[in-house]
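Here the structure comes first, spelled out in structure tokens, and everything after it is commentary.
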Amino acid sequence: MSEQRDDRIAALANIRNLGADPYGSRFVGVQKNAALRAIGDHSNIQPGQILEGEAVRAAGRVHLFRDTGKLIFMTVRDWTGELQWALSKNAIEEGTEARRHEGTEGSAGVPPAAAATLPGSHAAAEEKGESPWPAGDVAWQLAKALHLGDIVGAEGKLGRTKKGELTLWVDRFRMLSKAVRPPPEKWHGLTDVEARYRKRYVDLLANADSQRQFVLRARIIDYIRGVLHQRGFIEVDTPVLQPLYGGAAARPFTTHHNALDMKLYLRISPELYLKRCLVGGLERVYEFARCFRNEGISPRHNPEFTMLELYQAYGDYHDMMEITEAIIAGAARDVIGTYQIGTKARRHEGTEGSAGVSPAVGNVGASPTIQESGDGSAPSVPSCLRASVPDFIDFTPPWPRRRYADLVREHAGIDIADSDAVFAKARELGIPVLLTQGHEPNPEKPGYDRPLRIDTAVAINRIFEHCVEDKLINPTFVIDYPAPLCPLTKRHPTDPRYALRFECFINGMEMGNAYSELNDPKIQHDTFSAQLRGEGDETMAIMDEDYVEALEHAMPPAGGLGIGIDRMIMLLTGSESIREVLLFPLQRPQG
RNA sequence: GAGGAUGUAGCUCAGUAGGCAGAGCAACGGCCUUUUAAGCCGUGGGUCCUGGGUUCGAGCCCCAGCAUCCUCACCA
């Protein structure tokens, strides 16, 4: 049934019969392949030459294996890249003995007492808490019996082959872990999308791009922490399990605590707790908040996702725009290495010849993965051509600030203050609207004389989503939202129909959302009450008495910001699906 | 929830008109001390997603189901 697995399990017994441990143990002092490559680059090793000096240690997974008889080449991969190893029968079989003598001679300068404890490699290995190296003949047999996917360790000297390939000429070799299942095909890797998500470990070990994706994610998040710490923010953790959910418009997951016999919700947003922190005097807080929303799944939605939220006392949404630029544009510049990032989606729309602008992952200056050795596979497009093909996003700050109402007028051709026009447009677009009393068109009374109500605002927002969002490719701050859409936001001081809120759109996706936070407990209470009266969507907000009480203790005026981290990573890495930036996206159980 | 596509060896994929299930890589046996997805000779490996149906005969046609991807709706 699994022939190859059986063969490899049989190989386990053979390894043990040789007196070796197929699953290895401590192996320290290993240099990463990227570091070894750097040494190779700076040492000017000529083809056919071996670099004299200290032996180096390396370890990794066997990715390619070429056995030419008494000489074995293998390509060993670690998370910094690949390195070719060469094992010659003579060197391996005699190498251990030779090195043992070398080791003895080398220890001549060491004080006698120390030298006595280091008579040879076995003692040296034990000194490091490692098991001894296999004898040379055993090591050779281990090497001959390797399978793709095995994890191995070695000591040797760097050199170049006659063809110039940087190579570790191995003189000590050991097994570190036996793979009893075969890896995917060496050239194509694992491409089956379902298998890549279900068996992410296989995807990671087989596809260097997949590894790089998640290393980049980590670096971007580190970068964000750096930006925030520099500005005096502290990282806090607030509850995921909440007796009341709030801070966003979404359906929650529910769960139950047995000991307290209590219904709980998985948070849809950390907002109300972070603002309680502000009340308590934690003036600049942020959280990388895993949030859970019981909604549909799509290439842009996963039931659990990570949102960065931050709150800055005595600031407002203008400060949040500046931080948004610092975070997103800064990550593009410092982690990805450029303000101009191509997107696959945009590239597909372009002409054939426009494919030259690399997606983000292609031009990662800081990538841990080694560059393909100078084969020039991704020539950069001349800047003159690049300028003529709008298939990349330009993150260069500052980003434009556009009023919500202006964008709707520009792209939908209506004045959002005129509720008759709004509903007419909604009908024209086939958008279902919820009409409450007093909103039937009335020629006697122009639409824009009426107060802006929740149903009108919802219709406006549908129009915005339909007509405007996908036009916002380069980063754009959309400011001054219809107030009924923003129950937690301060009203505009001169026009209470609008709220001091922005959303940041990039590549047609909502990337960030920020407010000048509402800190008037009376208005907050009334807003919650209005929601409770059913003037809007069931999911929009629910009364949180404790939160209102917190505001009554006085919350400083503040700016608050939320950034969808997964979407930001998608954008910066050129990923078309959120599942490409989540290690283990939710999948149904296999039938 | 609605529509479309996909599902064949460990992996990547072919599969004709409905007529014995195929290739490359991987694996197994053999040869090879400078290979680059190494090469050469030989061998083994299948719940053709699952369950029904039509047929002398189904990977292929029909019905139902499952999973995944895409589009749409809800949402960030």
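Going by the structure tokens order, chains are called A, B, ..., each with residues numbered from 1, while ligands are numbered from 1 in the order shown.
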
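Those residues of chain A that fall within 6 Å of chain B when using only C-alpha atoms (C1' of nucleotides) read Gln4, Thr68, Gly69, Lys70, Leu71, Pro182, Pro184, Glu185, Trp187, Glu194 and Gly591 of chain A.
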
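For region 491-495 of chain A, the residues within 10 Å (counting only C-alpha atoms (C1' of nucleotides), excluding itself and residues fewer than 5 positions away along the chain) are A:Asp480, A:Tyr481, A:Pro482, A:Ala483, A:Pro484, A:Cys486, A:Leu500, A:Arg501, A:Tyr515, A:Ser516, A:Glu517, A:Leu518, A:Ile523.
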
Just want the 8 Å neighbourhood of region 73-87 of chain A, counted on only C-alpha atoms (C1' of nucleotides), with same-chain residues fewer than 2 positions away dropped. Output as a PDB file with N, CA and C atoms (P, O5', C5', C4', C3', O3' and C1' of nucleotides), in the first residue's frame.
ATOM      1  N   LYS A  32      24.550  28.443   9.028  1.00  0.00           N
ATOM      2  CA  LYS A  32      23.454  28.429   8.058  1.00  0.00           C
ATOM      3  C   LYS A  32      24.019  28.486   6.643  1.00  0.00           C
ATOM      4  N   ASN A  33      23.260  27.958   5.708  1.00  0.00           N
ATOM      5  CA  ASN A  33      23.720  27.924   4.318  1.00  0.00           C
ATOM      6  C   ASN A  33      23.982  29.326   3.773  1.00  0.00           C
ATOM      7  N   ALA A  34      23.166  30.281   4.174  1.00  0.00           N
ATOM      8  CA  ALA A  34      23.386  31.647   3.692  1.00  0.00           C
ATOM      9  C   ALA A  34      24.741  32.159   4.175  1.00  0.00           C
ATOM     10  N   ARG A  37      27.458  30.444   2.238  1.00  0.00           N
ATOM     11  CA  ARG A  37      27.529  31.025   0.892  1.00  0.00           C
ATOM     12  C   ARG A  37      28.257  32.369   0.934  1.00  0.00           C
ATOM     13  N   ALA A  59      23.919  21.588   8.426  1.00  0.00           N
ATOM     14  CA  ALA A  59      22.838  20.627   8.626  1.00  0.00           C
ATOM     15  C   ALA A  59      21.646  21.065   7.798  1.00  0.00           C
ATOM     16  N   GLY A  60      20.818  20.110   7.452  1.00  0.00           N
ATOM     17  CA  GLY A  60      19.619  20.450   6.705  1.00  0.00           C
ATOM     18  C   GLY A  60      18.969  19.221   6.113  1.00  0.00           C
ATOM     19  N   ARG A  61      17.999  19.506   5.249  1.00  0.00           N
ATOM     20  CA  ARG A  61      17.224  18.424   4.642  1.00  0.00           C
ATOM     21  C   ARG A  61      17.748  18.131   3.247  1.00  0.00           C
ATOM     22  N   VAL A  62      17.897  16.840   2.937  1.00  0.00           N
ATOM     23  CA  VAL A  62      18.385  16.441   1.622  1.00  0.00           C
ATOM     24  C   VAL A  62      17.291  16.717   0.594  1.00  0.00           C
ATOM     25  N   HIS A  63      17.599  17.627  -0.310  1.00  0.00           N
ATOM     26  CA  HIS A  63      16.591  18.036  -1.277  1.00  0.00           C
ATOM     27  C   HIS A  63      16.835  17.416  -2.653  1.00  0.00           C
ATOM     28  N   LEU A  64      18.108  17.254  -3.008  1.00  0.00           N
ATOM     29  CA  LEU A  64      18.479  16.573  -4.246  1.00  0.00           C
ATOM     30  C   LEU A  64      19.620  15.628  -3.902  1.00  0.00           C
ATOM     31  N   PHE A  65      19.721  14.553  -4.646  1.00  0.00           N
ATOM     32  CA  PHE A  65      20.706  13.516  -4.319  1.00  0.00           C
ATOM     33  C   PHE A  65      21.238  12.939  -5.616  1.00  0.00           C
ATOM     34  N   ARG A  66      22.562  13.015  -5.809  1.00  0.00           N
ATOM     35  CA  ARG A  66      23.166  12.494  -7.032  1.00  0.00           C
ATOM     36  C   ARG A  66      24.325  11.593  -6.639  1.00  0.00           C
ATOM     37  N   ASP A  67      24.129  10.298  -6.814  1.00  0.00           N
ATOM     38  CA  ASP A  67      25.133   9.321  -6.415  1.00  0.00           C
ATOM     39  C   ASP A  67      25.871   8.862  -7.663  1.00  0.00           C
ATOM     40  N   THR A  68      27.131   9.224  -7.788  1.00  0.00           N
ATOM     41  CA  THR A  68      27.893   8.813  -8.976  1.00  0.00           C
ATOM     42  C   THR A  68      28.792   7.625  -8.666  1.00  0.00           C
ATOM     43  N   LEU A  71      31.371   8.836  -5.328  1.00  0.00           N
ATOM     44  CA  LEU A  71      31.252  10.257  -5.006  1.00  0.00           C
ATOM     45  C   LEU A  71      29.770  10.622  -5.034  1.00  0.00           C
ATOM     46  N   LYS A  89      33.981   8.707  -1.158  1.00  0.00           N
ATOM     47  CA  LYS A  89      34.147   7.480  -0.380  1.00  0.00           C
ATOM     48  C   LYS A  89      35.456   7.521   0.415  1.00  0.00           C
ATOM     49  N   ALA A  91      37.320  10.113   1.301  1.00  0.00           N
ATOM     50  CA  ALA A  91      37.370  11.152   2.325  1.00  0.00           C
ATOM     51  C   ALA A  91      36.538  10.762   3.531  1.00  0.00           C
ATOM     52  N   ILE A  92      35.384  10.173   3.285  1.00  0.00           N
ATOM     53  CA  ILE A  92      34.515   9.802   4.398  1.00  0.00           C
ATOM     54  C   ILE A  92      35.119   8.645   5.190  1.00  0.00           C
ATOM     55  N   GLU A 165      30.674  25.301  -8.609  1.00  0.00           N
ATOM     56  CA  GLU A 165      29.596  25.305  -7.612  1.00  0.00           C
ATOM     57  C   GLU A 165      30.184  25.253  -6.205  1.00  0.00           C
ATOM     58  N   LEU A 166      29.750  26.186  -5.369  1.00  0.00           N
ATOM     59  CA  LEU A 166      30.190  26.178  -3.974  1.00  0.00           C
ATOM     60  C   LEU A 166      29.718  24.878  -3.318  1.00  0.00           C
ATOM     61  N   THR A 167      30.648  24.204  -2.660  1.00  0.00           N
ATOM     62  CA  THR A 167      30.368  22.850  -2.182  1.00  0.00           C
ATOM     63  C   THR A 167      31.019  22.626  -0.835  1.00  0.00           C
ATOM     64  N   LEU A 168      30.290  21.945   0.041  1.00  0.00           N
ATOM     65  CA  LEU A 168      30.880  21.511   1.303  1.00  0.00           C
ATOM     66  C   LEU A 168      31.486  20.131   1.069  1.00  0.00           C
ATOM     67  N   TRP A 169      32.809  20.044   1.129  1.00  0.00           N
ATOM     68  CA  TRP A 169      33.480  18.746   0.979  1.00  0.00           C
ATOM     69  C   TRP A 169      33.478  18.101   2.356  1.00  0.00           C
ATOM     70  N   VAL A 170      32.632  17.092   2.468  1.00  0.00           N
ATOM     71  CA  VAL A 170      32.309  16.530   3.776  1.00  0.00           C
ATOM     72  C   VAL A 170      33.351  15.513   4.195  1.00  0.00           C
ATOM     73  N   ASP A 171      33.815  15.627   5.454  1.00  0.00           N
ATOM     74  CA  ASP A 171      34.629  14.509   5.922  1.00  0.00           C
ATOM     75  C   ASP A 171      34.041  13.823   7.163  1.00  0.00           C
ATOM     76  N   GLN A 211       8.011  28.802   2.545  1.00  0.00           N
ATOM     77  CA  GLN A 211       8.768  29.177   3.739  1.00  0.00           C
ATOM     78  C   GLN A 211       9.016  30.673   3.765  1.00  0.00           C
ATOM     79  N   PRO A 368      15.518  35.748   3.411  1.00  0.00           N
ATOM     80  CA  PRO A 368      16.496  34.832   3.959  1.00  0.00           C
ATOM     81  C   PRO A 368      16.906  33.778   2.939  1.00  0.00           C
ATOM     82  N   THR A 369      16.112  33.622   1.919  1.00  0.00           N
ATOM     83  CA  THR A 369      16.406  32.580   0.943  1.00  0.00           C
ATOM     84  C   THR A 369      17.407  33.116  -0.061  1.00  0.00           C
ATOM     85  N   ILE A 370      18.389  32.295  -0.355  1.00  0.00           N
ATOM     86  CA  ILE A 370      19.440  32.741  -1.250  1.00  0.00           C
ATOM     87  C   ILE A 370      18.883  33.012  -2.633  1.00  0.00           C
TER      88      ILE A 370
ATOM     89  P     U B  35      30.671  16.699 -14.099  1.00  0.00           P
ATOM     90  O5'   U B  35      29.152  16.353 -13.834  1.00  0.00           O
ATOM     91  C5'   U B  35      28.722  15.003 -13.702  1.00  0.00           C
ATOM     92  C4'   U B  35      27.630  14.945 -12.674  1.00  0.00           C
ATOM     93  C3'   U B  35      26.592  16.048 -12.805  1.00  0.00           C
ATOM     94  O3'   U B  35      25.618  15.707 -13.769  1.00  0.00           O
ATOM     95  C1'   U B  35      27.262  15.825 -10.543  1.00  0.00           C
TER      96        U B  35
END

Find the spatial neighbours of Tyr201 (chain A), counting only C-alpha atoms (C1' of nucleotides), within a cut-off of 10 Å - ignore same-chain residues fewer than 4 positions away - and output them as a PyMOL selection string.
chain A and resi 195-197+205-207+210-211+583-584

Just to confirm, what's the straight-line distance from CA of Arg174 (chain A) to CA of Gly24 (chain A) in Å (one decimal)?
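Straight-line distance from CA of Arg174 (chain A) to CA of Gly24 (chain A) works out to 8.0 Å.
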
If we count only C-alpha atoms (C1' of nucleotides) and set the cut-off at 10 Å, which residues sit around G22 (chain B), ignoring sequence neighbours fewer than 2 positions away in its own chain? Please answer as a ChimeraX atom specification.
/B:8,14-15

Long-range neighbours of region 268-283 of chain A as a VMD selection string, 9 Å cut-off, only C-alpha atoms (C1' of nucleotides), 5 positions minimum in chain:
chain A and resid 233 to 234 236 to 240 245 to 253 289 to 294 307 309 to 314 517 544 547 550 to 551 553 to 556 558 560 562

Quick one: distance from CA of Leu308 (chain A) to CA of Ile542 (chain A) in Å, one decimal?
22.3 Å

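Atom pair CA of His318 (chain A) / CA of Ile414 (chain A): separated by 26.9 Å.
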
All alpha helix (DSSP H) positions in region 177-325 of chain A, as a PyMOL selection string
chain A and resi 193-198+200-206+208-230+271-279+317-325
